[in-house]
Amino acid sequence: HIGNGMYGAIIIDPPELAPVAKEFVMVQSELYLGPEGQPGSLTKMQNEDFDAVVFNGYVNQYQHRPIRVEPNQRIRAWVMDTGPSENSSFHVIGTIFDTAYKEGAYRLRPGAGGSQALDLQPAQGGFVEFSFDVAGLYPFVTHKFATASIGALGVFQAGEVDTGAASAGH
């Protein structure tokens with residue numbers, strides 16, 4: 001069922017969760033395509049021969065339509081790795097996470113350092129919090145760059161900037 005897209009995210013806020021300006025959910029998954037109009041390929045799933053790794057079900061959707069935020073807004077990104085097989089190392093290029101929460105526990109809180117990635121295995125989830133100091137385009141990926149080239153790539157647009165470079169894949 002997971003290999004055929006029957007999954008989703010359920011968010012249970014931790015106690016005393018601080019408010020943020022924007023909140024997003026990113027569900028990473030793999031696509032194992034079968035023949036057109038047919039279920040995904042079980043053989044491909046068993047061999048981990050995925051056709052794409054995606055956020056929220058579509059190849060590069062947030063590269064072509066960046067997620068608009070404003071500089072200095074506090075952002076929370078919930079991330080779920082539904083797999084079924086590939087791990088995730090969620091990373092936003094150009095910023096540092098000051099909060100990381102994974103599998104029911106805080107791994108990092110403001111004032112205690114910074115992190116560049118949230119590592120998740122299939123069926124794990126959590127969130128990170130961050131902000132962008134200046135206007136610009138900030139790509140996000142799973143830090144296994146081979147998967148970014150086959151769909152696990154998106155862009156945050158902080159402020160009023162030209163998005164042409166994001167759509168062109170630069």
# chains A, B, ... in the order shown; residues from 1 in each chain; ligands from 1

$ residues_around --residues "range 146-161 of chain A" --least-positions-apart "3" --cutoff "9 Å" --atoms "only C-alpha atoms" --output "PyMOL selection string"
chain A and resi 28-29+51-55+58-73+92+132-143+166

$ select_by_dssp --residues "range 11-124 of chain A" --states "strand (DSSP E)" --output "number ranges by chain"
A: 22-31, 52-55, 67-69, 75-83, 88-92, 99-102, 105-108, 118-120, 124

$ write_last_selection --atoms "C-alpha atoms" --output "PDB file, in the first residue's frame"
ATOM      1  CA  LYS A  22       4.459  29.539   8.761  1.00  0.00           C
ATOM      2  CA  GLU A  23       4.137  25.782   9.061  1.00  0.00           C
ATOM      3  CA  PHE A  24       4.532  23.187   6.288  1.00  0.00           C
ATOM      4  CA  VAL A  25       4.369  19.403   5.950  1.00  0.00           C
ATOM      5  CA  MET A  26       6.827  17.589   3.685  1.00  0.00           C
ATOM      6  CA  VAL A  27       6.189  13.901   3.089  1.00  0.00           C
ATOM      7  CA  GLN A  28       9.110  12.213   1.364  1.00  0.00           C
ATOM      8  CA  SER A  29       8.417   9.038  -0.547  1.00  0.00           C
ATOM      9  CA  GLU A  30       9.659   6.954  -3.420  1.00  0.00           C
ATOM     10  CA  LEU A  31       7.809   6.168  -6.630  1.00  0.00           C
ATOM     11  CA  ALA A  52      11.705   9.069  -8.278  1.00  0.00           C
ATOM     12  CA  VAL A  53      12.000  10.370  -4.729  1.00  0.00           C
ATOM     13  CA  VAL A  54       9.503  13.152  -4.060  1.00  0.00           C
ATOM     14  CA  PHE A  55       8.096  15.580  -1.530  1.00  0.00           C
ATOM     15  CA  ILE A  67       7.009  27.993  -1.307  1.00  0.00           C
ATOM     16  CA  ARG A  68       6.658  31.697  -0.489  1.00  0.00           C
ATOM     17  CA  VAL A  69       7.760  32.936   2.918  1.00  0.00           C
ATOM     18  CA  ILE A  75       9.172  28.540   9.863  1.00  0.00           C
ATOM     19  CA  ARG A  76       8.375  25.029  11.033  1.00  0.00           C
ATOM     20  CA  ALA A  77       8.723  22.190   8.529  1.00  0.00           C
ATOM     21  CA  TRP A  78       7.232  18.875   9.580  1.00  0.00           C
ATOM     22  CA  VAL A  79       8.963  16.073   7.686  1.00  0.00           C
ATOM     23  CA  MET A  80       7.792  12.479   7.327  1.00  0.00           C
ATOM     24  CA  ASP A  81       9.723   9.785   5.503  1.00  0.00           C
ATOM     25  CA  THR A  82       7.106   7.318   4.324  1.00  0.00           C
ATOM     26  CA  GLY A  83       9.646   5.335   2.331  1.00  0.00           C
ATOM     27  CA  SER A  88      15.864  11.012   4.339  1.00  0.00           C
ATOM     28  CA  SER A  89      18.250  13.739   5.400  1.00  0.00           C
ATOM     29  CA  PHE A  90      16.079  16.855   5.063  1.00  0.00           C
ATOM     30  CA  HIS A  91      18.260  19.902   4.410  1.00  0.00           C
ATOM     31  CA  VAL A  92      17.532  23.526   3.498  1.00  0.00           C
ATOM     32  CA  THR A  99      15.189  23.452  16.519  1.00  0.00           C
ATOM     33  CA  ALA A 100      15.023  19.761  15.635  1.00  0.00           C
ATOM     34  CA  TYR A 101      12.391  17.331  16.884  1.00  0.00           C
ATOM     35  CA  LYS A 102      12.379  13.670  15.903  1.00  0.00           C
ATOM     36  CA  ALA A 105      11.768  14.141  21.395  1.00  0.00           C
ATOM     37  CA  TYR A 106      13.622  17.398  20.911  1.00  0.00           C
ATOM     38  CA  ARG A 107      17.137  16.873  19.538  1.00  0.00           C
ATOM     39  CA  LEU A 108      17.937  20.593  19.441  1.00  0.00           C
ATOM     40  CA  LEU A 118      17.022  16.126  10.006  1.00  0.00           C
ATOM     41  CA  ASP A 119      17.820  12.444   9.492  1.00  0.00           C
ATOM     42  CA  LEU A 120      14.876  10.064   9.196  1.00  0.00           C
ATOM     43  CA  GLN A 124       9.917   8.238  11.003  1.00  0.00           C
TER      44      GLN A 124
END

$ atom_distance --atom1 "CA of Ala9 in chain A" --atom2 "CA of Gly40 in chain A"
20.6 Å

$ select_by_dssp --residues "range 18-108 of chain A" --states "alpha helix (DSSP H)" --output "MDAnalysis selection string"
chainID A and resid 42:46 61:64

$ write_last_selection --atoms "N, CA, C and O atoms" --output "PDB file, in the first residue's frame"
ATOM      1  N   LEU A  42       6.038  -4.146  -7.751  1.00  0.00           N
ATOM      2  CA  LEU A  42       6.510  -4.837  -6.556  1.00  0.00           C
ATOM      3  C   LEU A  42       7.972  -5.248  -6.726  1.00  0.00           C
ATOM      4  O   LEU A  42       8.766  -5.136  -5.792  1.00  0.00           O
ATOM      5  N   THR A  43       8.350  -5.681  -7.913  1.00  0.00           N
ATOM      6  CA  THR A  43       9.743  -6.066  -8.165  1.00  0.00           C
ATOM      7  C   THR A  43      10.674  -4.883  -7.958  1.00  0.00           C
ATOM      8  O   THR A  43      11.724  -5.009  -7.320  1.00  0.00           O
ATOM      9  N   LYS A  44      10.293  -3.719  -8.473  1.00  0.00           N
ATOM     10  CA  LYS A  44      11.109  -2.518  -8.260  1.00  0.00           C
ATOM     11  C   LYS A  44      11.195  -2.182  -6.779  1.00  0.00           C
ATOM     12  O   LYS A  44      12.255  -1.787  -6.287  1.00  0.00           O
ATOM     13  N   MET A  45      10.086  -2.314  -6.044  1.00  0.00           N
ATOM     14  CA  MET A  45      10.099  -2.030  -4.606  1.00  0.00           C
ATOM     15  C   MET A  45      11.046  -2.974  -3.876  1.00  0.00           C
ATOM     16  O   MET A  45      11.822  -2.546  -3.015  1.00  0.00           O
ATOM     17  N   GLN A  46      10.986  -4.257  -4.211  1.00  0.00           N
ATOM     18  CA  GLN A  46      11.837  -5.243  -3.545  1.00  0.00           C
ATOM     19  C   GLN A  46      13.314  -5.004  -3.841  1.00  0.00           C
ATOM     20  O   GLN A  46      14.172  -5.310  -3.021  1.00  0.00           O
ATOM     21  N   GLN A  61       7.877  19.523  -7.585  1.00  0.00           N
ATOM     22  CA  GLN A  61       6.774  20.494  -7.614  1.00  0.00           C
ATOM     23  C   GLN A  61       7.133  21.817  -6.970  1.00  0.00           C
ATOM     24  O   GLN A  61       6.693  22.871  -7.411  1.00  0.00           O
ATOM     25  N   TYR A  62       7.962  21.813  -5.935  1.00  0.00           N
ATOM     26  CA  TYR A  62       8.306  23.066  -5.254  1.00  0.00           C
ATOM     27  C   TYR A  62       9.522  23.744  -5.880  1.00  0.00           C
ATOM     28  O   TYR A  62       9.895  24.825  -5.468  1.00  0.00           O
ATOM     29  N   GLN A  63      10.123  23.106  -6.858  1.00  0.00           N
ATOM     30  CA  GLN A  63      11.128  23.799  -7.662  1.00  0.00           C
ATOM     31  C   GLN A  63      10.403  24.701  -8.659  1.00  0.00           C
ATOM     32  O   GLN A  63      10.770  25.850  -8.852  1.00  0.00           O
ATOM     33  N   HIS A  64       9.354  24.173  -9.247  1.00  0.00           N
ATOM     34  CA  HIS A  64       8.598  24.914 -10.258  1.00  0.00           C
ATOM     35  C   HIS A  64       7.622  25.919  -9.645  1.00  0.00           C
ATOM     36  O   HIS A  64       7.264  26.903 -10.291  1.00  0.00           O
TER      37      HIS A  64
END

$ closest_residue --among "A:Phe130, A:Gly164, A:Ala123, A:Glu103" --to "Pro14 in chain A" --atoms "only C-alpha atoms"
A:Glu103

$ atom_distance --atom1 "CA of Gly57 in chain A" --atom2 "CA of Ser115 in chain A"
26.1 Å

$ closest_residue --among "A:Gly37, A:Ala117, A:Ala18, A:Arg74" --to "Gly94 in chain A" --atoms "only C-alpha atoms"
A:Ala117

$ atom_distance --atom1 "CA of Gln116 in chain A" --atom2 "CA of Ile96 in chain A"
5.3 Å

$ closest_residue --among "A:Ser131, A:Thr163, A:Asn47, A:Ser41" --to "Ile93 in chain A" --atoms "only C-alpha atoms"
A:Ser131

$ residues_around --residues "Gly104 in chain A" --least-positions-apart "5" --cutoff "12 Å" --atoms "only C-alpha atoms" --output "MDAnalysis selection string"
chainID A and resid 11:15 124:127

$ decode --residues "range 45-61 of chain A" --atoms "N, CA and C atoms" --output "tab-separated table (two decimals), in the first residue's frame"
chain	number	residue	atom	x	y	z
A	45	MET	N	10.09	-2.31	-6.04
A	45	MET	CA	10.10	-2.03	-4.61
A	45	MET	C	11.05	-2.97	-3.88
A	46	GLN	N	10.99	-4.26	-4.21
A	46	GLN	CA	11.84	-5.24	-3.54
A	46	GLN	C	13.31	-5.00	-3.84
A	47	ASN	N	13.61	-4.45	-5.01
A	47	ASN	CA	14.99	-4.18	-5.42
A	47	ASN	C	15.44	-2.75	-5.12
A	48	GLU	N	14.57	-1.96	-4.48
A	48	GLU	CA	14.83	-0.55	-4.21
A	48	GLU	C	15.24	0.20	-5.47
A	49	ASP	N	14.58	-0.12	-6.55
A	49	ASP	CA	14.83	0.47	-7.87
A	49	ASP	C	13.76	1.54	-8.14
A	50	PHE	N	13.84	2.65	-7.40
A	50	PHE	CA	12.80	3.67	-7.50
A	50	PHE	C	12.98	4.53	-8.73
A	51	ASP	N	11.86	5.02	-9.24
A	51	ASP	CA	11.87	5.91	-10.40
A	51	ASP	C	12.04	7.36	-9.98
A	52	ALA	N	11.60	7.70	-8.78
A	52	ALA	CA	11.70	9.07	-8.28
A	52	ALA	C	11.62	9.05	-6.76
A	53	VAL	N	12.18	10.09	-6.15
A	53	VAL	CA	12.00	10.37	-4.73
A	53	VAL	C	11.40	11.76	-4.68
A	54	VAL	N	10.29	11.92	-3.96
A	54	VAL	CA	9.50	13.15	-4.06
A	54	VAL	C	9.09	13.68	-2.69
A	55	PHE	N	8.75	14.97	-2.68
A	55	PHE	CA	8.10	15.58	-1.53
A	55	PHE	C	6.64	15.80	-1.90
A	56	ASN	N	5.73	15.31	-1.07
A	56	ASN	CA	4.29	15.47	-1.23
A	56	ASN	C	3.77	14.98	-2.58
A	57	GLY	N	4.38	13.91	-3.08
A	57	GLY	CA	3.81	13.16	-4.19
A	57	GLY	C	4.15	13.55	-5.60
A	58	TYR	N	4.86	14.66	-5.81
A	58	TYR	CA	5.13	15.12	-7.18
A	58	TYR	C	6.61	15.45	-7.35
A	59	VAL	N	7.17	15.05	-8.48
A	59	VAL	CA	8.56	15.35	-8.82
A	59	VAL	C	8.75	16.86	-8.92
A	60	ASN	N	9.68	17.38	-8.15
A	60	ASN	CA	10.13	18.78	-8.22
A	60	ASN	C	9.02	19.83	-8.19
A	61	GLN	N	7.88	19.52	-7.59
A	61	GLN	CA	6.77	20.49	-7.61
A	61	GLN	C	7.13	21.82	-6.97
